[in-house]
Amino acid sequence: MTAERFKVGVTKDLLTASGEPCFNPAAFDELKANPAIEWEWLAPCEAITADHAAAFDALHVNLPRVGADVVSRSDLRLKIVARNGVGYDSVDVAALAAKGVLTTNTPFAIRRPVAVAALTLVFALTSRLFTKDRLVREGRWNDRVEHMGVGLTGRTLGIVGAGGIGSELIRLAAPFFGRVLAADPHVAEAQIAALGARKAPLETVLAEADAVVVCCLLAPETRHLIGREAFRAMKRTAFFVNVGRGPIHDEAALAEALAAGEIAGAGLDVTEVEPIQPDSPLLRMENVIVTPHALCWTDECFEEIARTALRSIADLSLGRRPAHVVGG
């Protein structure tokens, strides 16, 4: 008698236009730990359905949402949803857990790449990178004296969220800034101090930072955490960067603050609605950089993300509790 197969589905948004995985295919070697595993690409979808949950033991999910309806039927087979990344606001973790379905993410794989992405946006904004690029392309070389950048050695970096990504950002940023402030009610003052930063209330971070970087998770308490009053509390010379989740900032309030000159500029790898609407006023502002929630995407980043997610599936299939289970 042959062993029962452990079926794995992988969402197809992880394929490039040429039909190849967007990560090193060697990551699938993680599934070889269990010869009973068989896997396949799912048909393109915006959301995982109860049909998927009835057909597969495990799902490796990138963008499709996973709602409570996925585990609503009696023919539930699904045992694990492995998120391709650190955020899991697209998954109803509580509903899945109530039916015994685990949700995992890949927090370690993403920390350095996202921290680097945050610094990339800060450096591009403070050096006026894109403005200076346009000067050359438009034959305005001699206008460069009118677009002086901002030095960082005496400036303050403010970080909202000092978890995995925020902690890595502190380490990377310390040599460039005069000081680093971090706001996070869930991280101890001593832990932040050990990284070379000072824990401070959000109000202090907003008021004193020359660049404010958001890298916390999206949760009910962080939705629109950075809104109209927050932008008004910032220095007029300060820059705002979000590499966490778009709804953490109020985009209408951000556009108003930029238009009114209440802050100096913004760098967004995430937007409140993704993709950002083509008529967004942010896209017409020269002091705004918008990237498609992909600035951290590199070959090494995506291979490690995929390996971590697929390893969690293989572990569960072998009766081991996978690493990085969220929500319990």
# chains A, B, ... in the order shown; residues from 1 in each chain; ligands from 1

call {"tool": "residues_around", "arguments": {"residues": "A:Ile289", "least_positions_apart": "5", "cutoff": "9 Å", "atoms": "only C-alpha atoms", "output": "list in words"}}
result
Leu121, Ala124, Leu125, Phe130, Gly265, Ala266, Gly267, Leu268, Asp269, Leu282 and Leu283 of chain A

call {"tool": "write_last_selection", "arguments": {"atoms": "N, CA and C atoms", "output": "short mmCIF file (atom, residue, chain, number, x, y, z; two decimals), in the first residue's frame"}}
result
data_model
loop_
_atom_site.label_atom_id
_atom_site.label_comp_id
_atom_site.auth_asym_id
_atom_site.auth_seq_id
_atom_site.Cartn_x
_atom_site.Cartn_y
_atom_site.Cartn_z
N LEU A 121 15.20 54.33 0.72
CA LEU A 121 14.26 55.44 0.56
C LEU A 121 14.73 56.68 1.31
N ALA A 124 17.61 58.18 -0.68
CA ALA A 124 17.15 58.77 -1.94
C ALA A 124 16.46 60.10 -1.70
N LEU A 125 15.65 60.17 -0.63
CA LEU A 125 14.95 61.42 -0.31
C LEU A 125 15.90 62.50 0.16
N PHE A 130 16.26 61.52 -7.08
CA PHE A 130 15.47 61.54 -8.31
C PHE A 130 15.39 62.95 -8.91
N GLY A 265 8.96 65.47 2.45
CA GLY A 265 8.84 64.47 1.40
C GLY A 265 8.45 63.13 1.98
N ALA A 266 8.20 62.17 1.09
CA ALA A 266 7.78 60.84 1.54
C ALA A 266 8.32 59.77 0.61
N GLY A 267 8.62 58.62 1.20
CA GLY A 267 9.03 57.44 0.44
C GLY A 267 8.14 56.28 0.85
N LEU A 268 7.41 55.72 -0.09
CA LEU A 268 6.43 54.69 0.22
C LEU A 268 6.70 53.43 -0.60
N ASP A 269 6.98 52.33 0.09
CA ASP A 269 7.00 51.04 -0.61
C ASP A 269 5.64 50.37 -0.47
N LEU A 282 -0.26 61.86 -4.95
CA LEU A 282 1.12 61.55 -4.57
C LEU A 282 2.00 61.31 -5.80
N LEU A 283 1.40 60.77 -6.86
CA LEU A 283 2.17 60.45 -8.05
C LEU A 283 2.55 61.69 -8.85
#

call {"tool": "closest_atom_pairs", "arguments": {"of": "stretch 176-293 of chain A", "to": "stretch 101-113 of chain A", "cutoff": "12 Å", "atoms": "only C-alpha atoms", "output": "JSON lines"}}
result
{"residue": "A:Cys215", "atom": "CA", "partner": "A:Arg111", "partner_atom": "CA", "distance": 10.1}
{"residue": "A:Cys216", "atom": "CA", "partner": "A:Arg111", "partner_atom": "CA", "distance": 11.7}
{"residue": "A:Leu217", "atom": "CA", "partner": "A:Pro107", "partner_atom": "CA", "distance": 11.4}
{"residue": "A:Val243", "atom": "CA", "partner": "A:Pro113", "partner_atom": "CA", "distance": 10.7}
{"residue": "A:Gly244", "atom": "CA", "partner": "A:Arg111", "partner_atom": "CA", "distance": 11.4}

call {"tool": "write_last_selection", "arguments": {"atoms": "all heavy atoms", "output": "short mmCIF file (atom, residue, chain, number, x, y, z; two decimals), in the first residue's frame"}}
result
data_model
loop_
_atom_site.label_atom_id
_atom_site.label_comp_id
_atom_site.auth_asym_id
_atom_site.auth_seq_id
_atom_site.Cartn_x
_atom_site.Cartn_y
_atom_site.Cartn_z
N CYS A 215 7.80 50.71 10.29
CA CYS A 215 8.06 49.31 9.93
C CYS A 215 7.37 48.36 10.91
O CYS A 215 7.84 47.25 11.13
CB CYS A 215 9.55 49.03 9.85
SG CYS A 215 10.53 49.61 11.23
N CYS A 216 6.26 48.80 11.49
CA CYS A 216 5.50 47.94 12.39
C CYS A 216 4.47 47.15 11.60
O CYS A 216 4.23 47.39 10.42
CB CYS A 216 4.81 48.78 13.47
SG CYS A 216 3.68 50.04 12.83
N LEU A 217 3.85 46.18 12.26
CA LEU A 217 2.80 45.38 11.64
C LEU A 217 1.49 46.16 11.59
O LEU A 217 1.25 47.05 12.41
CB LEU A 217 2.58 44.09 12.43
CG LEU A 217 3.67 43.02 12.34
CD1 LEU A 217 3.37 41.89 13.32
CD2 LEU A 217 3.80 42.48 10.92
N VAL A 243 7.57 51.33 5.14
CA VAL A 243 7.89 50.03 4.53
C VAL A 243 7.12 48.92 5.26
O VAL A 243 7.44 47.74 5.09
CB VAL A 243 9.40 49.75 4.56
CG1 VAL A 243 10.15 50.69 3.64
CG2 VAL A 243 9.96 49.80 5.99
N GLY A 244 6.12 49.31 6.08
CA GLY A 244 5.33 48.33 6.81
C GLY A 244 4.12 47.91 6.00
O GLY A 244 4.19 47.03 5.14
#

call {"tool": "atom_distance", "arguments": {"atom1": "atom CA of A:Ile159", "atom2": "atom CA of A:Leu63"}}
result
26.3 Å

call {"tool": "select_by_dssp", "arguments": {"residues": "stretch 42-278 of chain A", "states": "strand (DSSP E)", "output": "number ranges by chain"}}
result
A: 58-61, 80-83, 102-104, 156-160, 179-183, 198-199, 211-214, 239-242, 265-268

call {"tool": "write_last_selection", "arguments": {"atoms": "N, CA, C and O atoms", "output": "compact mmCIF listing (two decimals), in the first residue's frame"}}
result
# COMPACT_ATOMS: atom_id res chain seq x y z
N ALA A 58 -1.62 21.68 2.53
CA ALA A 58 -0.82 22.87 2.83
C ALA A 58 -0.88 23.82 1.65
O ALA A 58 -0.98 23.41 0.49
N LEU A 59 -0.80 25.12 1.95
CA LEU A 59 -0.79 26.15 0.92
C LEU A 59 0.35 27.12 1.19
O LEU A 59 0.51 27.60 2.32
N HIS A 60 1.12 27.38 0.16
CA HIS A 60 2.16 28.42 0.21
C HIS A 60 1.57 29.62 -0.51
O HIS A 60 1.38 29.59 -1.74
N VAL A 61 1.26 30.68 0.24
CA VAL A 61 0.43 31.78 -0.26
C VAL A 61 1.22 33.08 -0.29
O VAL A 61 1.86 33.45 0.70
N ILE A 80 -2.13 23.79 7.12
CA ILE A 80 -1.19 24.91 7.29
C ILE A 80 -1.27 25.86 6.12
O ILE A 80 -1.39 25.43 4.96
N VAL A 81 -1.20 27.16 6.42
CA VAL A 81 -1.03 28.20 5.41
C VAL A 81 0.32 28.86 5.69
O VAL A 81 0.52 29.44 6.76
N ALA A 82 1.23 28.74 4.76
CA ALA A 82 2.57 29.32 4.91
C ALA A 82 2.63 30.61 4.10
O ALA A 82 2.62 30.58 2.87
N ARG A 83 2.64 31.75 4.81
CA ARG A 83 2.67 33.05 4.14
C ARG A 83 4.06 33.33 3.58
O ARG A 83 5.07 33.11 4.24
N LEU A 102 -2.75 25.90 11.06
CA LEU A 102 -1.67 26.80 11.45
C LEU A 102 -1.40 27.83 10.36
O LEU A 102 -1.60 27.57 9.16
N THR A 103 -0.94 29.00 10.77
CA THR A 103 -0.44 30.03 9.86
C THR A 103 1.00 30.32 10.23
O THR A 103 1.31 30.52 11.41
N THR A 104 1.89 30.32 9.24
CA THR A 104 3.29 30.67 9.49
C THR A 104 3.69 31.83 8.60
O THR A 104 3.06 32.10 7.57
N THR A 156 18.44 63.00 13.31
CA THR A 156 17.79 61.96 14.11
C THR A 156 16.89 61.11 13.23
O THR A 156 16.06 61.63 12.48
N LEU A 157 17.06 59.80 13.33
CA LEU A 157 16.17 58.86 12.66
C LEU A 157 15.15 58.38 13.67
O LEU A 157 15.49 57.97 14.78
N GLY A 158 13.88 58.43 13.30
CA GLY A 158 12.81 57.92 14.15
C GLY A 158 12.22 56.67 13.55
O GLY A 158 11.90 56.64 12.35
N ILE A 159 12.08 55.63 14.35
CA ILE A 159 11.56 54.35 13.87
C ILE A 159 10.29 54.01 14.63
O ILE A 159 10.25 54.05 15.86
N VAL A 160 9.24 53.69 13.89
CA VAL A 160 7.97 53.29 14.49
C VAL A 160 7.85 51.78 14.31
O VAL A 160 7.58 51.28 13.23
N ARG A 179 21.63 60.18 16.06
CA ARG A 179 20.94 59.36 17.06
C ARG A 179 19.73 58.70 16.42
O ARG A 179 19.25 59.13 15.35
N VAL A 180 19.27 57.64 17.07
CA VAL A 180 18.10 56.90 16.60
C VAL A 180 17.10 56.78 17.74
O VAL A 180 17.46 56.35 18.84
N LEU A 181 15.86 57.17 17.48
CA LEU A 181 14.77 57.02 18.43
C LEU A 181 13.82 55.94 17.91
O LEU A 181 13.60 55.83 16.71
N ALA A 182 13.27 55.15 18.83
CA ALA A 182 12.35 54.09 18.42
C ALA A 182 11.12 54.08 19.32
O ALA A 182 11.24 54.13 20.55
N ALA A 183 9.95 54.02 18.70
CA ALA A 183 8.69 53.93 19.43
C ALA A 183 8.10 52.55 19.23
O ALA A 183 7.85 52.13 18.09
N ARG A 198 17.36 54.89 21.41
CA ARG A 198 16.65 55.26 22.63
C ARG A 198 15.16 55.07 22.42
O ARG A 198 14.61 55.52 21.42
N LYS A 199 14.52 54.38 23.37
CA LYS A 199 13.08 54.23 23.29
C LYS A 199 12.42 55.55 23.65
O LYS A 199 12.83 56.22 24.60
N ALA A 211 13.82 62.02 9.94
CA ALA A 211 13.22 61.04 9.04
C ALA A 211 12.49 60.04 9.92
O ALA A 211 13.05 59.51 10.88
N VAL A 212 11.22 59.80 9.61
CA VAL A 212 10.39 58.86 10.36
C VAL A 212 10.12 57.66 9.48
O VAL A 212 9.59 57.80 8.37
N VAL A 213 10.50 56.47 9.96
CA VAL A 213 10.30 55.24 9.20
C VAL A 213 9.31 54.34 9.93
O VAL A 213 9.52 54.00 11.09
N VAL A 214 8.25 53.95 9.23
CA VAL A 214 7.26 53.02 9.78
C VAL A 214 7.61 51.62 9.32
O VAL A 214 7.73 51.35 8.12
N PHE A 239 11.25 63.86 6.68
CA PHE A 239 10.78 62.94 5.64
C PHE A 239 10.05 61.78 6.29
O PHE A 239 10.41 61.33 7.38
N PHE A 240 9.02 61.29 5.59
CA PHE A 240 8.23 60.15 6.08
C PHE A 240 8.44 58.96 5.16
O PHE A 240 8.35 59.09 3.93
N VAL A 241 8.72 57.81 5.74
CA VAL A 241 8.93 56.58 4.97
C VAL A 241 8.08 55.47 5.58
O VAL A 241 8.05 55.30 6.80
N ASN A 242 7.40 54.70 4.74
CA ASN A 242 6.62 53.55 5.20
C ASN A 242 7.02 52.31 4.42
O ASN A 242 6.85 52.26 3.20
N GLY A 265 8.96 65.47 2.45
CA GLY A 265 8.84 64.47 1.40
C GLY A 265 8.45 63.13 1.98
O GLY A 265 8.38 62.95 3.20
N ALA A 266 8.20 62.17 1.09
CA ALA A 266 7.78 60.84 1.54
C ALA A 266 8.32 59.77 0.61
O ALA A 266 8.44 59.98 -0.60
N GLY A 267 8.62 58.62 1.20
CA GLY A 267 9.03 57.44 0.44
C GLY A 267 8.14 56.28 0.85
O GLY A 267 8.10 55.91 2.03
N LEU A 268 7.41 55.72 -0.09
CA LEU A 268 6.43 54.69 0.22
C LEU A 268 6.70 53.43 -0.60
O LEU A 268 6.67 53.46 -1.82

call {"tool": "residues_around", "arguments": {"residues": "A:Gly246", "least_positions_apart": "3", "cutoff": "6 Å", "atoms": "only C-alpha atoms", "output": "PyMOL selection string"}}
result
chain A and resi 270-272

call {"tool": "atom_distance", "arguments": {"atom1": "atom CA of A:Leu258", "atom2": "atom CA of A:Ala197"}}
result
28.0 Å
